[in-house]
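Take a look at the structure set out below.
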There are 2 protein chains.
Amino acid sequence: MILPALLTSAGFNIVICVGFFSLYSILRKQPVNIKVYFGQRLAQLKSRGQKNLFFFDRYVPSAGWLVKAWEASDDDLYACGGIDGLVFLKMIVFCIRIFSVAAVVCIFIVLPVNLFGQGIQQINAESQMDIFTIRNVQQGSRGLWAHFFALYVISICSYVLLYIEFKNVARMRLEQVIRFPTTPSHFTVLVRGIPWIPGLSYSEAVSKHFGSYYVSSYLAHQMVYRSGTIQRLMMDAEKMYKVLKETPINQYLAPTTVGCGQCAGHSNSFKMLTCESESDIKKPNQPNESDLKEQECAAAFVFFRTRYAAMVASRTIQVLDPMLWVIEFAPEPHDVYWENLCVPYRLLWIRKTLVFIGSIIFSLWFLLPTTLVQGLVNIAQLESTFPFLRGISQKSYANIVQGYLPSLVLTCFALIVPPVMLMFATLEGAISRSSRKKSACCKSIIFFFWNVFFYNLFTGTWWDRITRFTVTGLKDMATLLGNLIPGQAPFFMTYVMTTGWASLAWELMQPYVLIVNWIFQFILMRKEGFGDLYTFPYHTEIPRALLFALLGFTFSILAPLILPFLLVYYFFAYFVYRNQILNVYITRYNTNGLYWPVAHNAMIFSLIFMQGVAAIIFGMKECGTASTFTCVLIIFTSLFNLFCRHKFLPLFKNNAAQDLIEMDRHDEHSGKIEEILPRLLASYYQFGPYSGNHPTDLLSADYKKCGEDPVVVPKPKEHETSRDPATTTSGSKL
Amino acid sequence: MILPALLTSAGFNIVICVGFFSLYSILRKQPVNIKVYFGQRLAQLKSRGQKNLFFFDRYVPSAGWLVKAWEASDDDLYACGGIDGLVFLKMIVFCIRIFSVAAVVCIFIVLPVNLFGQGIQQINAESQMDIFTIRNVQQGSRGLWAHFFALYVISICSYVLLYIEFKNVARMRLEQVIRFPTTPSHFTVLVRGIPWIPGLSYSEAVSKHFGSYYVSSYLAHQMVYRSGTIQRLMMDAEKMYKVLKETPINQYLAPTTVGCGQCAGHSNSFKMLTCESESDIKKPNQPNESDLKEQECAAAFVFFRTRYAAMVASRTIQVLDPMLWVIEFAPEPHDVYWENLCVPYRLLWIRKTLVFIGSIIFSLWFLLPTTLVQGLVNIAQLESTFPFLRGISQKSYANIVQGYLPSLVLTCFALIVPPVMLMFATLEGAISRSSRKKSACCKSIIFFFWNVFFYNLFTGTWWDRITRFTVTGLKDMATLLGNLIPGQAPFFMTYVMTTGWASLAWELMQPYVLIVNWIFQFILMRKEGFGDLYTFPYHTEIPRALLFALLGFTFSILAPLILPFLLVYYFFAYFVYRNQILNVYITRYNTNGLYWPVAHNAMIFSLIFMQGVAAIIFGMKECGTASTFTCVLIIFTSLFNLFCRHKFLPLFKNNAAQDLIEMDRHDEHSGKIEEILPRLLASYYQFGPYSGNHPTDLLSADYKKCGEDPVVVPKPKEHETSRDPATTTSGSKL
């Protein structure tokens with residue numbers, strides 16, 4: 001990789017990004033694209049009764065979207081994106097902070113040491129970039145202490161920041177419980193693996209079991225029903241017919257199939273956004289009773305009188321066979337992934353294993369494009385391997401190919417990864433949409449870390465060695481690793497520009513939705529257009545942000561030149577994602593901050609990897625003391641991680657008994673429980689037009705109302721706010 | 001390793017074992033050794049009032065101990081050794097069964113294939129043994145399908161046996177709960193990390209918290225007190241004085257310091273076996289109240305009215321900081337390791353990490369003797385490395401040295417491992433004696449598997465290669481592994497004989513206790529002697545039995561000649577350990593079968609290792625189809641393990657809510673709860689002569705009474721036996 005190639009790539013990308021950003025600021029002002037760029041705001045407007053149609057002229061100044069994104073408060077973001085949106089932005093902010101520190105330390109201290117190191121004797125085109133890296137530092141040089149110092153500064157800053165953020169997210173998560181005291185999922189557990197008792201239906205078995213052992217707290221239950229796709233479609237059609245007959249059509253939005261690429265997978269049923277027709281819900285059109293009994297699954301939602309009882313039930317083993325009566329907290333009503341609830345619990349581990357094997361095979365298959373890409377980078381070696389390519393490096397377009405094409409190929413191939421992972425997560429048997437997305441996110445992270453980062457790193461280094469075949473032992477391996485990782489820095493700089501910057505432009509432009517929307521409007525001549533119902537693609541964006549963090553940590557002290565590119569990426573990401581959360585994506589479901597532990601683990605992994613590579617390189621450069629102290633740092637990082645897991649992780653798995661008991665007592669005392677319980681029973685409804693979008697969701701989905709006070713329904717009373725300092729203090733702290 | 005050396009070793013060991021076994025049958029008949037060989041029976045006799053002093057003449061026929069051990073029923077063993085004793089014997093029986101199958105299959109099918117394989121062209125002294133192994137099978141030979149068949153038979157038998165045993169142990173564990181309905185630990189939780197609230201003592205904080213949130217079920221609590229060693233000794237002395245003043249001395253046994261090698265570590269306090277003085281307990285001599293308040297730790301035992309309430313409390317997070325109010329089920333009163341209860345909960349993870357680092361260092365240090373041992377085995381190579389040793393292999397004693405000494409050295413060094421691991425487990429902060437022993441057991445297993453098995457395997461193979469230095473890649477590594485593992489078979493055969501057989505003789509003879517007892521009786525002229533209070537050393541014996549199982553699995557199809565040696569070991573082990581459990585060791589505490597999951601994991605690991613090595617060797621011998629199908633077997637083993645963990649493991653961590661609720665209801669209904677609760681409050685008592693040996697232990701330790709009906713106190717009433725089929729059926733099933 002030579003300097004001109006890198007510069008070509010940088011130039012290309014800057015032009016592309018500036019072009020796209022300008023295009024965006026024009027496109028977003030066209031009313032025809034409202035559905036594409038203002039899905040979130042549009043949804044809010046609709047629910048407010050379509051009053052201010054000229055809203056957009058005021059809210060869309062010609063170049064001010066950056067300013068708007070900057071000005072939005074945490075409360076606005078929370079109201080639009082929920083905790084998950086805030087957590088994602090916290091990741092971006094964490095990266096900005098830590099890489100700012102790293103950039104200051106590394107560019108002012110480490111980079112000069114590298115530049116004047118004189119470790120590389122002959123500078124040719126190939127090693128042009130290496131004078132900026134640690135390879136240029138001579139063996140045993142005292143300049144290595146600069147790298148050591150930078151390593152310690154970055155590590156300690158990371159500990160502090162990670163600790164503070166983990167604490168904040170944990171607090172946000174707990175406050176969420178107190179903030180929405182009427183969430184139906186607090187009172188509800190999902191029971192799976194209901195045993196088949198001869199002479200009893202599943203429903204009767206549930207009644208008997210809970211009526212017997214939870215007699216004081218058991219309220220009611222609701223079975224989950226098996227349903228084939230055809231049956232579901234027929235039911236939907238029937239419902240639709242009745243609905244159309246009963247109510248004027250324009251009281252609803254047009255029926256919209258939920259977009260398949262981003263959030264709703266294989267759902268074939270019609271889903272509707274309803275906000276007004278409260279009266280319909282009182283008597284939902286129940287399918288025939290006897291039909292349903294035959295269609296019962298061994299799964300049910302069970303409702304309790306108190307939150308504490310629900311938690312206790314979800315935390316205990318019921319009977320001697322732990323694969324029967326498996327109880328866990330129910331997801332929110334609109335978060336339930338009904339299709340997977342009927343999967344027999346005993347089959348789940350088989351599914352999980354098969355998915356595990358499947359993802360390994362998928363990863364292996366994916367090595368093909370990465371090998372191809374790596375081949376393109378080393379064009380000189382390709383020439384020597386395949387003689388018919390000789391002379392190609394003399395051509396004028398060789399620079400472009402070498403600098404730009406490889407990571408573009410990688411990006412295109414990487415685009416199919418998140419949807420595949422989402423499919424894997426579905427097959428695994430996730431019971432909620434949010435857990436499905438989280439699982440896909442974890443899988444994608446592992447995939448990207450392995451396939452994009454490590455494989456590129458190692459094919460790059462092994463490509464050199466494969467002809468000489470002299471890897472003779474572990475020590476040699478370590479040396480190889482330490483020697484050649486810095487050499488991969490230019491490739492990853494290009495990667496940051498192409499994949500990073502370009503992906504932000506792509507994200508902002510939404511070209512796919514834009515084009516489909518145009519086709520709908522101009523070719524199919526439909527009035528409504530397309531594309532207003534996407535949820536935020538965390539499983540695509542979080543792995544990308546974390547992959548760049550891994551790059552940043554790994555190369556920060558080895559090749560500090562990568563840091564400015566990364567900082568540019570994160571700064572733009574900050575604005576773009578804020579804009580997207582505020583304007584584009586709607587929030588249907590939330591993991592309540594479960595993405596943070598995932599990000600924390602990825603950061604810890606990146607830190608340890610950075611320190612391990614540094615230890616190897618210090619050892620190689622005959623700086624034994626520094627190497628030893630770096631190993632101490634690795635141990636300390638592990639300890640820090642253990643500490644955080646001990647201290648915060650349990651809060652992400654359970655609620656505190658104290659809080660729940662106090663909320664229960666408060667509701668009991670104030671009589672509010674009488675309001676909550678009847679609505680509770682109506683909140684989970686499997687069939688019909690309301691499944692997943694039931695109006696009683698509003699009970700729990702108060703935070704959807706963008707820009708309003710988060711505590712809306714029911715309004716906090718005087719004695720309540722005095723009890724929960726969270727509702728008043730959280731706004732300023734979040 | 002050559003055949004004469006192996007035969008020398010075998011001869012030596014047979015002579016030694018026969019000698020020891022004969023000596024044992026003489027020694028056990030001497031009344032002077034009663035305390036050494038009949039500690040368990042002696043303890044029972046004492047508790048029955050020392051009626052039949054001539055008991056031993058009847059119970060010790062001259063050569064019939066094997067018969068006695070054979071004849072004992074499972075109920076007797078359960079009564080003497082508890083569930084853990086039975087679980088340990090189940091491991092031995094499992095090994096006998098699986099290796100009997102393996103021996104039949106491998107010796108009649110695999111061994112002839114090996115013998116007539118003609119893979120080795122020149123047979124010299126070094127490769128004399130190799131004609132019995134898979135190395136003698138030619139590449140691509142169809143004889144390899146015999147090995148493949150044997151592998152499948154062994155694997156499938158293992159699955160079936162492991163499944164059955166896991167199920168049985170899980171059932172035993174659950175029946176244990178129902179069998180002893182009055183165990184105080186069911187009603188009690190241990191609270192640690194009590195927060196420091198200004199103005200409140202810890203005790204008051206506990207009252208306030210549980211009185212507020214568990215108002216209907218909270219009964220009482222008891223603080224844990226800090227105590228320096230000196231203070232404890234003084235308190236003990238004071239108690240002792242009072243006790244001596246109040247009661248005639250011969251009503252107690254002599255004060256005995258609990259043996260330090262086996263079970264009680266650093267305990268300096270006097271501990272006493274008391275069985276009669278019920279009256280003393282009613283008013284235990286409480287230390288001064290105000291003194292105690294200052295000595296309070298942030299830990300307490302909290303008693304509940306119902307078992308279910310205790311379980312619920314132990315399964316929930318109390319407050320927002322999960323490191324405060326940490327609740328878990330309390331250990332049995334005599335199982336509590338009081339010294340560790342005062343360790344602040346926040347420090348526990350630091351301790352655990354330090355212990356982890358410590359054990360890694362310990363393992364590395366231990367490589368020294370193993371390297372030494374491996375050097376002795378390859379005496380010819382030693383000669384060529386160190387010229388001054390030249391000619392040593394011509395000497396007549398070289399055979400003995402080569403065959404016998406190496407594993408003896410290893411054995412001696414390995415003797416110190418379990419005590420060190422027990423020390424590590426103590427430092428880790430185990431709160432009960434049983435969990436401490438289990439933790440030491442797990443550590444020892446990992447240590448032995450790594451240091452004895454793998455290191456010997458690899459130094460053996462690497463010793464050959466280290467001069468040539470031609471390990472050029474992973475593929476070569478696999479070839480090396482597959483080629484040289486069978487070559488290590490003779491070394492491990494010797495190891496089975498020396499360590500295995502000899503350790504059984506050692507175990508039976510108890511030479512250390514025997515000699516110390518003699519010194520006490522004949523030199524110090526004490527009447528009481530020494531050595532009647534040992535508990536079973538699971539942390540020494542289980543790792544050994546599992547290590548031999550690993551050897552058996554690994555070598556069964558590679559070098560089937562090892563199987564007869566192993567079977568002899570396991571058959572003798574069966575008799576010896578039954579005898580020891582029945583006669584020698586007392587049972588003070590029990591993990592209630594928690595050793596089985598440990599053994600299960602070790603077996604699964606051994607199976608996968610066996611299959612992995614077989615897959616490599618099949619691949620090497622150009623039998624690709626067999627190799628592929630062996631890989632399928634590995635996946636199947638992993639699936640089987642996952643299934644077992646899903647199905648049975650939760651039962652080892654929790655009790656079923658259904659059982660507990662029904663027991664609670666039954667007690668409530670029958671009024672038995674009024675009996676249980678007052679005794680409950682007196683059962684945990686930290687200071688004084690009764691700590692750990694409190695007479696109310698009898699409440700829970702009914703199974704100590706060897707040979708009696710397990711359900712003793714309180715006697716089962718008519719309606720109870722009809723409720724619990726376990727009490728009547730378990731006897732025949734166990």
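In the structure tokens, chains take letters A, B, ... by order of appearance, with residues numbered from 1 within each chain and ligands from 1 in the order shown.
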Chain A residues near chain B (9 Å cut-off, only C-alpha atoms) as a PyMOL selection string: chain A and resi 171+174+213+311-313+315-323+349-350+353+469-473+639+642-643+646-651+654-659+661-662
Restricting the output to N, CA and C atoms, write the selected residues as a short mmCIF file (atom, residue, chain, number, x, y, z; two decimals), in the first residue's frame.
data_model
loop_
_atom_site.label_atom_id
_atom_site.label_comp_id
_atom_site.auth_asym_id
_atom_site.auth_seq_id
_atom_site.Cartn_x
_atom_site.Cartn_y
_atom_site.Cartn_z
N ARG A 171 -28.36 2.71 35.59
CA ARG A 171 -29.31 3.56 36.30
C ARG A 171 -30.50 3.90 35.41
N LEU A 174 -32.86 1.07 35.34
CA LEU A 174 -33.66 0.92 36.55
C LEU A 174 -34.72 2.01 36.66
N TYR A 213 -50.32 -23.16 43.25
CA TYR A 213 -49.09 -22.74 43.91
C TYR A 213 -48.94 -21.24 44.03
N MET A 311 -42.01 -11.60 39.33
CA MET A 311 -40.56 -11.81 39.36
C MET A 311 -40.21 -13.11 40.06
N VAL A 312 -40.86 -13.36 41.19
CA VAL A 312 -40.57 -14.60 41.93
C VAL A 312 -40.86 -15.81 41.06
N ALA A 313 -41.99 -15.79 40.37
CA ALA A 313 -42.33 -16.93 39.51
C ALA A 313 -41.29 -17.10 38.42
N ARG A 315 -38.23 -16.52 38.57
CA ARG A 315 -36.91 -16.85 39.08
C ARG A 315 -36.84 -18.24 39.69
N THR A 316 -37.93 -18.97 39.72
CA THR A 316 -37.89 -20.27 40.40
C THR A 316 -38.11 -21.41 39.41
N ILE A 317 -37.51 -22.53 39.75
CA ILE A 317 -37.80 -23.76 39.02
C ILE A 317 -39.09 -24.32 39.59
N GLN A 318 -40.01 -24.71 38.74
CA GLN A 318 -41.31 -25.13 39.25
C GLN A 318 -41.32 -26.59 39.67
N VAL A 319 -40.95 -27.46 38.76
CA VAL A 319 -41.06 -28.89 39.08
C VAL A 319 -39.72 -29.57 38.84
N LEU A 320 -39.71 -30.90 39.07
CA LEU A 320 -38.44 -31.62 39.06
C LEU A 320 -37.76 -31.62 37.69
N ASP A 321 -38.55 -31.61 36.64
CA ASP A 321 -37.95 -31.55 35.32
C ASP A 321 -37.80 -30.09 34.92
N PRO A 322 -36.57 -29.57 34.87
CA PRO A 322 -36.43 -28.14 34.60
C PRO A 322 -36.80 -27.74 33.18
N MET A 323 -37.16 -28.70 32.34
CA MET A 323 -37.59 -28.32 31.00
C MET A 323 -39.10 -28.23 30.91
N TRP A 349 -32.81 -26.01 22.35
CA TRP A 349 -31.35 -26.16 22.39
C TRP A 349 -30.84 -26.78 21.10
N ILE A 350 -31.67 -27.64 20.47
CA ILE A 350 -31.26 -28.19 19.17
C ILE A 350 -31.17 -27.07 18.14
N THR A 353 -28.09 -25.05 18.72
CA THR A 353 -26.88 -25.71 18.25
C THR A 353 -26.78 -25.65 16.74
N PHE A 469 7.20 -20.12 3.64
CA PHE A 469 6.85 -21.27 4.47
C PHE A 469 7.85 -21.48 5.61
N THR A 470 8.04 -20.45 6.40
CA THR A 470 9.05 -20.60 7.45
C THR A 470 8.49 -20.28 8.83
N VAL A 471 7.20 -20.50 9.00
CA VAL A 471 6.63 -20.32 10.34
C VAL A 471 7.06 -21.51 11.17
N THR A 472 8.02 -21.33 12.04
CA THR A 472 8.60 -22.50 12.70
C THR A 472 8.20 -22.67 14.15
N GLY A 473 7.44 -21.78 14.71
CA GLY A 473 7.06 -22.00 16.10
C GLY A 473 6.25 -20.85 16.63
N LEU A 639 -9.39 -7.78 35.43
CA LEU A 639 -9.98 -7.55 36.75
C LEU A 639 -11.08 -6.50 36.66
N LEU A 642 -14.14 -8.03 35.23
CA LEU A 642 -14.80 -8.87 36.24
C LEU A 642 -15.58 -8.01 37.21
N PHE A 643 -14.95 -6.92 37.64
CA PHE A 643 -15.59 -6.04 38.61
C PHE A 643 -16.88 -5.47 38.05
N HIS A 646 -19.55 -8.08 37.85
CA HIS A 646 -20.11 -8.37 39.16
C HIS A 646 -21.06 -7.26 39.61
N LYS A 647 -20.65 -6.04 39.32
CA LYS A 647 -21.37 -4.92 39.92
C LYS A 647 -22.62 -4.54 39.12
N PHE A 648 -22.52 -4.57 37.81
CA PHE A 648 -23.63 -4.03 37.03
C PHE A 648 -24.45 -5.08 36.29
N LEU A 649 -23.82 -6.16 35.89
CA LEU A 649 -24.53 -7.07 35.01
C LEU A 649 -25.81 -7.65 35.61
N PRO A 650 -25.82 -7.99 36.93
CA PRO A 650 -27.08 -8.53 37.48
C PRO A 650 -28.25 -7.57 37.29
N LEU A 651 -27.96 -6.27 37.25
CA LEU A 651 -29.04 -5.29 37.08
C LEU A 651 -29.65 -5.36 35.69
N ASN A 654 -32.18 -8.66 36.07
CA ASN A 654 -33.29 -8.67 37.00
C ASN A 654 -33.58 -7.29 37.51
N ASN A 655 -34.75 -7.16 38.04
CA ASN A 655 -35.08 -5.94 38.75
C ASN A 655 -34.85 -6.16 40.24
N ALA A 656 -34.66 -5.08 40.94
CA ALA A 656 -34.43 -5.20 42.38
C ALA A 656 -35.75 -5.43 43.09
N ALA A 657 -35.72 -6.40 44.01
CA ALA A 657 -36.93 -6.75 44.74
C ALA A 657 -37.50 -5.54 45.47
N GLN A 658 -36.59 -4.77 46.08
CA GLN A 658 -37.01 -3.61 46.86
C GLN A 658 -37.90 -2.67 46.04
N ASP A 659 -37.43 -2.32 44.83
CA ASP A 659 -38.20 -1.43 43.97
C ASP A 659 -39.57 -2.00 43.66
N ILE A 661 -41.32 -4.28 45.17
CA ILE A 661 -42.22 -4.36 46.33
C ILE A 661 -42.78 -2.98 46.65
N GLU A 662 -41.91 -1.98 46.56
CA GLU A 662 -42.39 -0.64 46.89
C GLU A 662 -43.40 -0.13 45.87
#
Distance query A:Gly429 at most 10 Å, only C-alpha atoms, self and fewer than 5 positions along chain excluded, as JSON, numbers by chain: {"A": [337, 339, 340, 341, 342, 343, 344, 345, 347, 348, 349, 351, 352, 355, 424, 435, 436]}
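Taking atom CA of A:Phe447 as the reference point, atom CA of A:Ala602 is found at 12.3 Å.
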Per-residue DSSP, stretch 514-600 of chain B, filtered to alpha helix (DSSP H), as number ranges by chain: B: 514-518, 538-556, 562-583, 595-600
Contacts of B:Ser100 at 9 Å (only C-alpha atoms; same-chain gap of 6+ positions) as a PyMOL selection string: chain B and resi 563-564+567
Write the residues of the preceding selection, restricted to C-alpha atoms, as a CSV table (one decimal), in the first residue's frame.
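Result file follows (selection07.csv):
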chain,number,residue,atom,x,y,z
B,563,LEU,CA,-7.6,-51.7,29.7
B,564,PRO,CA,-6.9,-54.8,31.8
B,567,LEU,CA,-10.1,-52.6,35.1
Pick from B:Glu541, B:Glu294, B:Asp335, B:Glu622 nearest to B:Gly140, counting only C-alpha atoms: B:Glu622
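Proximity to B:Thr630 was assessed for B:Ser439, B:Thr591, B:Ser141, B:Ser155 counting only C-alpha atoms; the smallest distance is recorded for B:Ser155.
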Non-local contacts of stretch 577-588 of chain B (7 Å; only C-alpha atoms; under 6 positions in same chain excluded) as a VMD selection string: chain B and resid 37 to 41 69 77 80 to 82 85 533 to 536 704
Please dump the current selection as a PDB file, in the first residue's frame; keep C-alpha atoms.
ATOM      1  CA  TYR B  37      -9.461 -48.459  60.539  1.00  0.00           C
ATOM      2  CA  PHE B  38     -12.880 -48.131  62.153  1.00  0.00           C
ATOM      3  CA  GLY B  39     -13.293 -44.430  62.797  1.00  0.00           C
ATOM      4  CA  GLN B  40     -16.749 -44.411  61.260  1.00  0.00           C
ATOM      5  CA  ARG B  41     -18.060 -47.379  63.230  1.00  0.00           C
ATOM      6  CA  ALA B  69     -17.497 -54.493  51.444  1.00  0.00           C
ATOM      7  CA  LEU B  77     -23.400 -46.855  52.199  1.00  0.00           C
ATOM      8  CA  CYS B  80     -22.415 -43.926  56.268  1.00  0.00           C
ATOM      9  CA  GLY B  81     -21.218 -41.805  53.374  1.00  0.00           C
ATOM     10  CA  GLY B  82     -24.248 -39.757  52.407  1.00  0.00           C
ATOM     11  CA  GLY B  85     -20.207 -41.395  49.018  1.00  0.00           C
ATOM     12  CA  LEU B 533     -12.144 -38.061  62.693  1.00  0.00           C
ATOM     13  CA  TYR B 534     -11.330 -37.900  59.020  1.00  0.00           C
ATOM     14  CA  THR B 535     -13.870 -37.063  56.387  1.00  0.00           C
ATOM     15  CA  PHE B 536     -13.595 -38.628  52.978  1.00  0.00           C
ATOM     16  CA  LYS B 704     -24.906 -40.140  60.041  1.00  0.00           C
TER      17      LYS B 704
END
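Between atom CA of A:Ala502 and atom CA of A:Asn13 the separation is 7.0 Å.
Taking atom CA of B:Ile327 and atom CA of B:Arg192 as endpoints, the distance between them is 6.4 Å.
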Members of stretch 167-219 of chain B assigned strand (DSSP E) by DSSP, as a ChimeraX atom specification: /B:188-192,218-219
Preceding selection exported with C-alpha atoms as an mmCIF file, in the first residue's frame:
data_model
loop_
_atom_site.group_PDB
_atom_site.id
_atom_site.type_symbol
_atom_site.label_atom_id
_atom_site.label_comp_id
_atom_site.auth_asym_id
_atom_site.auth_seq_id
_atom_site.Cartn_x
_atom_site.Cartn_y
_atom_site.Cartn_z
ATOM 1 C CA THR B 188 -32.193 -20.235 56.286
ATOM 2 C CA VAL B 189 -30.365 -17.915 53.961
ATOM 3 C CA LEU B 190 -26.947 -16.408 54.318
ATOM 4 C CA VAL B 191 -26.906 -12.667 53.721
ATOM 5 C CA ARG B 192 -23.647 -10.976 52.873
ATOM 6 C CA TYR B 218 -39.193 -13.306 58.157
ATOM 7 C CA LEU B 219 -38.602 -15.069 61.451
#
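Counting only C-alpha atoms, the residue from A:Phe388, A:Phe565, A:Phe148, A:Phe448 that sits nearest to A:Cys106 is A:Phe148.
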Given only C-alpha atoms as the counted atoms, nearest of B:Ser434, B:Thr494, B:Thr625, B:Asn601 to B:Pro4: B:Thr494
